[in-house]
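J.: Let me begin by handing over the structure; questions about it come next.
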Amino acid sequence: MKKAIVFIGSNNRQSFTKKMIENIFDTVDTPFEVEYVLPEDLDLRPCMGCSHCFYNGKCVIRDDSAELIERVGNCDLFIIGSPTYVHHISSETKKLIDRWGYLTHCFRFLAKPCLTVASTDSSGASFVSSYLFKVCSYLGFNVISKAHFYKVDPKLENEISRNAQIIDSYFISSEKTVVPELEAIFNTIKMTISKLPEDRFEKKFFYKHSLFEFETIQAYLNSSEGGTNV
């Protein structure tokens, strides 16, 4: 059975965002153990802006952030969903992203499959979707689908079905295809990290996972290294 971790940036346990994601998992054929993580479940404090993490690869705040990073790193599918507040992500979603900002420097999640979910009553979800896609891609996630859910949409079932099919197709396939945007980001980050001093955490991470040896993240996924780490 596959393990999915779902972060929902809403303090409402019966939120529209959560219901849509639950409907996706009710529709998929792939068996999943699903863990929902809501803001009130976490001891997650705001970023202090001290920049320690950007130079040392570790946050000085002692809360649940580091443990969540490890759990997401070990799961099979990560989903991040946010309601749309004033045409943007929720403050709770932004708090998580701010705390994980330093991980965008090292491609931390190594092309792990990810689904982004943007929900809204009527408008604004397109910006939220684009923002989540960009952030998750720089974190190293392979965003296999960007889900949009509008309460006023009479065809919500179509979007639920579309995303369920994408998830099933990904896990049925023996070859895990990487989206083109992720390849471009990987090459940019690899070039940048190659020029850093040897003691920088980003370079140590790339050496640990032999990432400098691969021209593409697709080649990494197809390798024995990628198979054991993603």
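Scheme for the structure tokens: letters A, B, ... for chains in order shown; per-chain residue numbers from 1; ligand numbers from 1 in order shown.
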Can you list every residue of stretch 19-81 of chain A that has an atom at most 10 Å from stretch 166-180 of chain A, with its nearest atom pair and the distance in Å to one decimal, using only C-alpha atoms, ordered by chain then number, as CSV?

T.:
residue,atom,partner,partner_atom,distance
A:Ile24,CA,A:Ile167,CA,9.2
A:Phe25,CA,A:Ile167,CA,9.4
A:Thr27,CA,A:Asp168,CA,9.7
A:Val28,CA,A:Asp168,CA,6.3
A:Asp29,CA,A:Asp168,CA,6.5
A:Thr30,CA,A:Asp168,CA,5.8
A:Pro31,CA,A:Asp168,CA,9.5
A:Asp76,CA,A:Phe171,CA,9.3
A:Leu77,CA,A:Ile167,CA,9.0

J.: Give me the residues within 9 Å of stretch 85-87 of chain A as an MDAnalysis selection string, counting only C-alpha atoms and dropping any in the same chain fewer than 3 places off.

T.: chainID A and resid 82 90:91 120 123:128

J.: So that I have them on file, write out the residues from the current selection with N, CA, C and O atoms, as a PDB file, in the first residue's frame.

T.:
ATOM      1  N   SER A  82      -4.536  24.337  -0.728  1.00  0.00           N
ATOM      2  CA  SER A  82      -4.807  25.609  -0.050  1.00  0.00           C
ATOM      3  C   SER A  82      -6.106  26.205  -0.553  1.00  0.00           C
ATOM      4  O   SER A  82      -6.363  26.212  -1.769  1.00  0.00           O
ATOM      5  N   SER A  90      -3.450  30.536   1.579  1.00  0.00           N
ATOM      6  CA  SER A  90      -3.776  30.898   2.959  1.00  0.00           C
ATOM      7  C   SER A  90      -2.501  31.205   3.737  1.00  0.00           C
ATOM      8  O   SER A  90      -1.391  30.792   3.363  1.00  0.00           O
ATOM      9  N   SER A  91      -2.656  31.917   4.830  1.00  0.00           N
ATOM     10  CA  SER A  91      -1.503  32.252   5.670  1.00  0.00           C
ATOM     11  C   SER A  91      -0.863  30.996   6.253  1.00  0.00           C
ATOM     12  O   SER A  91       0.362  30.942   6.444  1.00  0.00           O
ATOM     13  N   THR A 120     -11.511  27.335  -4.361  1.00  0.00           N
ATOM     14  CA  THR A 120     -12.086  28.663  -4.186  1.00  0.00           C
ATOM     15  C   THR A 120     -13.596  28.596  -4.339  1.00  0.00           C
ATOM     16  O   THR A 120     -14.139  27.640  -4.917  1.00  0.00           O
ATOM     17  N   SER A 123     -13.369  32.432  -7.668  1.00  0.00           N
ATOM     18  CA  SER A 123     -12.277  32.956  -8.484  1.00  0.00           C
ATOM     19  C   SER A 123     -10.974  32.988  -7.692  1.00  0.00           C
ATOM     20  O   SER A 123     -10.972  32.839  -6.468  1.00  0.00           O
ATOM     21  N   GLY A 124      -9.855  33.191  -8.411  1.00  0.00           N
ATOM     22  CA  GLY A 124      -8.559  33.361  -7.774  1.00  0.00           C
ATOM     23  C   GLY A 124      -7.700  32.117  -7.707  1.00  0.00           C
ATOM     24  O   GLY A 124      -6.514  32.188  -7.389  1.00  0.00           O
ATOM     25  N   ALA A 125      -8.262  30.960  -8.019  1.00  0.00           N
ATOM     26  CA  ALA A 125      -7.520  29.712  -7.853  1.00  0.00           C
ATOM     27  C   ALA A 125      -6.391  29.553  -8.856  1.00  0.00           C
ATOM     28  O   ALA A 125      -5.424  28.835  -8.596  1.00  0.00           O
ATOM     29  N   SER A 126      -6.478  30.222  -9.997  1.00  0.00           N
ATOM     30  CA  SER A 126      -5.434  30.056 -11.010  1.00  0.00           C
ATOM     31  C   SER A 126      -4.092  30.579 -10.513  1.00  0.00           C
ATOM     32  O   SER A 126      -3.053  29.962 -10.746  1.00  0.00           O
ATOM     33  N   PHE A 127      -4.106  31.718  -9.818  1.00  0.00           N
ATOM     34  CA  PHE A 127      -2.852  32.253  -9.266  1.00  0.00           C
ATOM     35  C   PHE A 127      -2.323  31.328  -8.179  1.00  0.00           C
ATOM     36  O   PHE A 127      -1.122  31.048  -8.123  1.00  0.00           O
ATOM     37  N   VAL A 128      -3.195  30.861  -7.309  1.00  0.00           N
ATOM     38  CA  VAL A 128      -2.790  29.950  -6.238  1.00  0.00           C
ATOM     39  C   VAL A 128      -2.164  28.691  -6.822  1.00  0.00           C
ATOM     40  O   VAL A 128      -1.117  28.221  -6.363  1.00  0.00           O
TER      41      VAL A 128
END

J.: Can you tell me, as a CSV table (one decimal) with N, CA and C atoms, in the first residue's frame, which residues in stretch 9-102 of chain A count as helix (DSSP H, G or I) by DSSP?

T.:
chain,number,residue,atom,x,y,z
A,16,PHE,N,-13.7,22.8,2.2
A,16,PHE,CA,-14.0,22.4,0.8
A,16,PHE,C,-12.7,21.8,0.2
A,17,THR,N,-11.6,22.3,0.5
A,17,THR,CA,-10.3,21.8,0.0
A,17,THR,C,-10.1,20.3,0.4
A,18,LYS,N,-10.3,20.0,1.7
A,18,LYS,CA,-10.2,18.7,2.2
A,18,LYS,C,-11.2,17.7,1.6
A,19,LYS,N,-12.4,18.2,1.5
A,19,LYS,CA,-13.5,17.3,0.9
A,19,LYS,C,-13.1,16.9,-0.5
A,20,MET,N,-12.6,17.9,-1.3
A,20,MET,CA,-12.2,17.5,-2.7
A,20,MET,C,-11.1,16.5,-2.7
A,21,ILE,N,-10.1,16.7,-1.9
A,21,ILE,CA,-9.0,15.7,-1.8
A,21,ILE,C,-9.5,14.3,-1.4
A,22,GLU,N,-10.4,14.3,-0.4
A,22,GLU,CA,-11.0,13.1,0.0
A,22,GLU,C,-11.7,12.4,-1.1
A,23,ASN,N,-12.4,13.2,-1.9
A,23,ASN,CA,-13.1,12.6,-3.1
A,23,ASN,C,-12.1,12.0,-4.1
A,24,ILE,N,-11.0,12.6,-4.3
A,24,ILE,CA,-10.0,12.1,-5.2
A,24,ILE,C,-9.6,10.7,-4.7
A,25,PHE,N,-9.3,10.6,-3.4
A,25,PHE,CA,-8.8,9.3,-2.8
A,25,PHE,C,-10.0,8.3,-2.8
A,26,ASP,N,-11.2,8.7,-2.8
A,26,ASP,CA,-12.3,7.8,-2.9
A,26,ASP,C,-12.5,7.2,-4.3
A,27,THR,N,-11.9,8.0,-5.3
A,27,THR,CA,-12.0,7.6,-6.7
A,27,THR,C,-10.8,6.8,-7.2
A,39,PRO,N,-3.1,22.5,9.9
A,39,PRO,CA,-2.3,23.5,10.8
A,39,PRO,C,-2.4,23.2,12.3
A,40,GLU,N,-3.6,23.0,12.7
A,40,GLU,CA,-3.8,22.8,14.2
A,40,GLU,C,-3.2,21.5,14.7
A,41,ASP,N,-2.8,20.6,13.8
A,41,ASP,CA,-2.1,19.4,14.2
A,41,ASP,C,-0.6,19.6,14.4
A,52,HIS,N,19.7,31.5,9.2
A,52,HIS,CA,20.6,30.4,9.6
A,52,HIS,C,20.4,29.2,8.7
A,53,CYS,N,19.2,28.9,8.3
A,53,CYS,CA,18.9,27.7,7.5
A,53,CYS,C,19.6,27.8,6.1
A,54,PHE,N,19.6,29.0,5.5
A,54,PHE,CA,20.2,29.1,4.2
A,54,PHE,C,21.7,28.9,4.2
A,55,TYR,N,22.4,29.0,5.3
A,55,TYR,CA,23.8,28.8,5.4
A,55,TYR,C,24.2,27.4,6.0
A,56,ASN,N,23.2,26.9,6.8
A,56,ASN,CA,23.6,25.7,7.5
A,56,ASN,C,22.7,24.5,7.2
A,65,SER,N,8.5,21.1,12.2
A,65,SER,CA,8.8,21.3,10.8
A,65,SER,C,9.8,20.2,10.3
A,66,ALA,N,10.9,19.9,11.0
A,66,ALA,CA,11.9,19.0,10.6
A,66,ALA,C,11.3,17.6,10.5
A,67,GLU,N,10.5,17.2,11.5
A,67,GLU,CA,9.9,15.9,11.4
A,67,GLU,C,9.0,15.7,10.2
A,68,LEU,N,8.2,16.8,9.9
A,68,LEU,CA,7.3,16.7,8.8
A,68,LEU,C,8.1,16.6,7.5
A,69,ILE,N,9.2,17.3,7.4
A,69,ILE,CA,10.1,17.1,6.2
A,69,ILE,C,10.5,15.7,6.0
A,70,GLU,N,10.9,15.0,7.1
A,70,GLU,CA,11.3,13.6,7.0
A,70,GLU,C,10.2,12.7,6.6
A,71,ARG,N,9.0,13.0,7.2
A,71,ARG,CA,7.8,12.2,6.8
A,71,ARG,C,7.4,12.3,5.4
A,72,VAL,N,7.5,13.6,4.9
A,72,VAL,CA,7.2,13.8,3.5
A,72,VAL,C,8.2,13.2,2.6
A,73,GLY,N,9.5,13.2,3.0
A,73,GLY,CA,10.5,12.6,2.2
A,73,GLY,C,10.4,11.1,2.1
A,74,ASN,N,9.7,10.5,3.1
A,74,ASN,CA,9.6,9.0,3.1
A,74,ASN,C,8.3,8.5,2.5
A,91,SER,N,-2.7,31.9,4.8
A,91,SER,CA,-1.5,32.3,5.7
A,91,SER,C,-0.9,31.0,6.3
A,92,GLU,N,-1.7,30.0,6.5
A,92,GLU,CA,-1.1,28.7,7.1
A,92,GLU,C,-0.3,28.0,6.1
A,93,THR,N,-0.7,28.0,4.8
A,93,THR,CA,0.1,27.4,3.7
A,93,THR,C,1.4,28.2,3.6
A,94,LYS,N,1.3,29.5,3.6
A,94,LYS,CA,2.5,30.4,3.4
A,94,LYS,C,3.5,30.1,4.6
A,95,LYS,N,3.0,29.9,5.8
A,95,LYS,CA,3.9,29.7,6.9
A,95,LYS,C,4.7,28.4,6.7
A,96,LEU,N,4.1,27.4,6.2
A,96,LEU,CA,4.8,26.2,5.9
A,96,LEU,C,5.9,26.4,4.8
A,97,ILE,N,5.5,27.1,3.7
A,97,ILE,CA,6.4,27.3,2.6
A,97,ILE,C,7.6,28.2,3.1
A,98,ASP,N,7.3,29.2,3.9
A,98,ASP,CA,8.4,30.0,4.5
A,98,ASP,C,9.4,29.2,5.3
A,99,ARG,N,8.9,28.3,6.0
A,99,ARG,CA,9.8,27.5,6.9
A,99,ARG,C,10.6,26.5,6.0
A,101,GLY,N,11.7,27.2,3.0
A,101,GLY,CA,12.3,28.0,1.9
A,101,GLY,C,13.7,27.6,1.6
A,102,TYR,N,14.5,27.3,2.6
A,102,TYR,CA,15.9,26.9,2.3
A,102,TYR,C,16.0,25.6,1.5

J.: Would you mind writing down, as a PDB file with C-alpha atoms, in the first residue's frame, each residue of stretch 9-202 of chain A that DSSP on the backbone assigns to strand (DSSP E or B)?

T.:
ATOM      1  CA  PHE A  32      -3.346   4.461  -0.242  1.00  0.00           C
ATOM      2  CA  GLU A  33      -2.859   5.029   3.436  1.00  0.00           C
ATOM      3  CA  VAL A  34      -3.670   8.735   3.674  1.00  0.00           C
ATOM      4  CA  GLU A  35      -2.433  10.992   6.454  1.00  0.00           C
ATOM      5  CA  TYR A  36      -4.064  14.412   6.599  1.00  0.00           C
ATOM      6  CA  VAL A  37      -2.017  17.155   8.226  1.00  0.00           C
ATOM      7  CA  LEU A  77       2.839  10.954  -2.691  1.00  0.00           C
ATOM      8  CA  PHE A  78       2.638  14.446  -1.249  1.00  0.00           C
ATOM      9  CA  ILE A  79      -0.393  16.658  -1.696  1.00  0.00           C
ATOM     10  CA  ILE A  80      -0.500  20.299  -0.701  1.00  0.00           C
ATOM     11  CA  GLY A  81      -3.855  22.041  -0.809  1.00  0.00           C
ATOM     12  CA  SER A  82      -4.807  25.609  -0.050  1.00  0.00           C
ATOM     13  CA  PRO A  83      -8.031  27.561  -0.075  1.00  0.00           C
ATOM     14  CA  TYR A  85      -7.882  33.893   0.268  1.00  0.00           C
ATOM     15  CA  HIS A  88      -3.589  33.952  -2.810  1.00  0.00           C
ATOM     16  CA  PRO A 113       5.347  12.937  -6.984  1.00  0.00           C
ATOM     17  CA  CYS A 114       3.182  15.790  -5.800  1.00  0.00           C
ATOM     18  CA  LEU A 115      -0.326  17.047  -6.419  1.00  0.00           C
ATOM     19  CA  THR A 116      -1.154  20.706  -5.820  1.00  0.00           C
ATOM     20  CA  VAL A 117      -4.730  21.627  -5.006  1.00  0.00           C
ATOM     21  CA  ALA A 118      -6.231  25.112  -5.196  1.00  0.00           C
ATOM     22  CA  SER A 119      -9.826  25.658  -4.150  1.00  0.00           C
ATOM     23  CA  THR A 120     -12.086  28.663  -4.186  1.00  0.00           C
ATOM     24  CA  ASN A 142       7.535  16.346  -9.482  1.00  0.00           C
ATOM     25  CA  VAL A 143       4.115  18.016  -9.736  1.00  0.00           C
ATOM     26  CA  ILE A 144       2.097  15.449 -11.689  1.00  0.00           C
ATOM     27  CA  SER A 145      -1.101  17.513 -11.595  1.00  0.00           C
ATOM     28  CA  LYS A 146      -2.431  20.923 -10.597  1.00  0.00           C
ATOM     29  CA  ALA A 147      -6.000  20.514  -9.356  1.00  0.00           C
ATOM     30  CA  HIS A 148      -8.456  23.440  -9.424  1.00  0.00           C
ATOM     31  CA  PHE A 149     -11.751  23.254  -7.579  1.00  0.00           C
ATOM     32  CA  TYR A 150     -14.411  25.946  -7.885  1.00  0.00           C
TER      33      TYR A 150
END

J.: As an exercise, work out the distance from atom CA of A:Lys203 to atom CA of A:Cys106 in Å and give it to one decimal place.

T.: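 Rounded to one decimal, the two atoms are 7.7 Å apart.
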
J.: Go through A:Thr84, A:Leu42, A:Asn187, A:Arg62 one by one, measure the shortest atom-to-atom distance of each to A:Lys151 using only C-alpha atoms, and give the residue with the smallest value.

T.: A:Thr84

J.: For A:Gln218, which residue among A:Leu182, A:Leu132, A:Leu139, A:Cys59 is the nearest when counting only C-alpha atoms?

T.: A:Leu182

J.: Using only C-alpha atoms, can you tell me which of A:Leu110, A:Cys50, A:Val152, A:Ile160 comes closest to A:Ser137?

T.: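 Closest to A:Ser137, using only C-alpha atoms: A:Leu110.
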
J.: Hey, can you check how far atom CA of A:Phe107 sits from atom CA of A:Leu211?

T.: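 Atom CA of A:Leu211 lies at a distance of 9.9 Å from atom CA of A:Phe107.
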
J.: Considering only C-alpha atoms, can you say which of A:Phe212, A:Phe133, A:Tyr220, A:Phe109 comes closest to A:Lys195?

T.: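 Using only C-alpha atoms, the shortest distance to A:Lys195 belongs to A:Phe212.
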
J.: Here is a test: counting only C-alpha atoms, which residue of A:Lys58, A:His105, A:Ser15, A:Ser51 is nearest to A:Leu38?

T.: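 Ranked by minimum distance to A:Leu38, first place goes to A:Ser15.
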
J.: Quick one: distance from atom CA of A:Glu215 to atom CA of A:Lys3 in Å, one decimal?

T.: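 Going from atom CA of A:Glu215 over to atom CA of A:Lys3 covers 29.2 Å.
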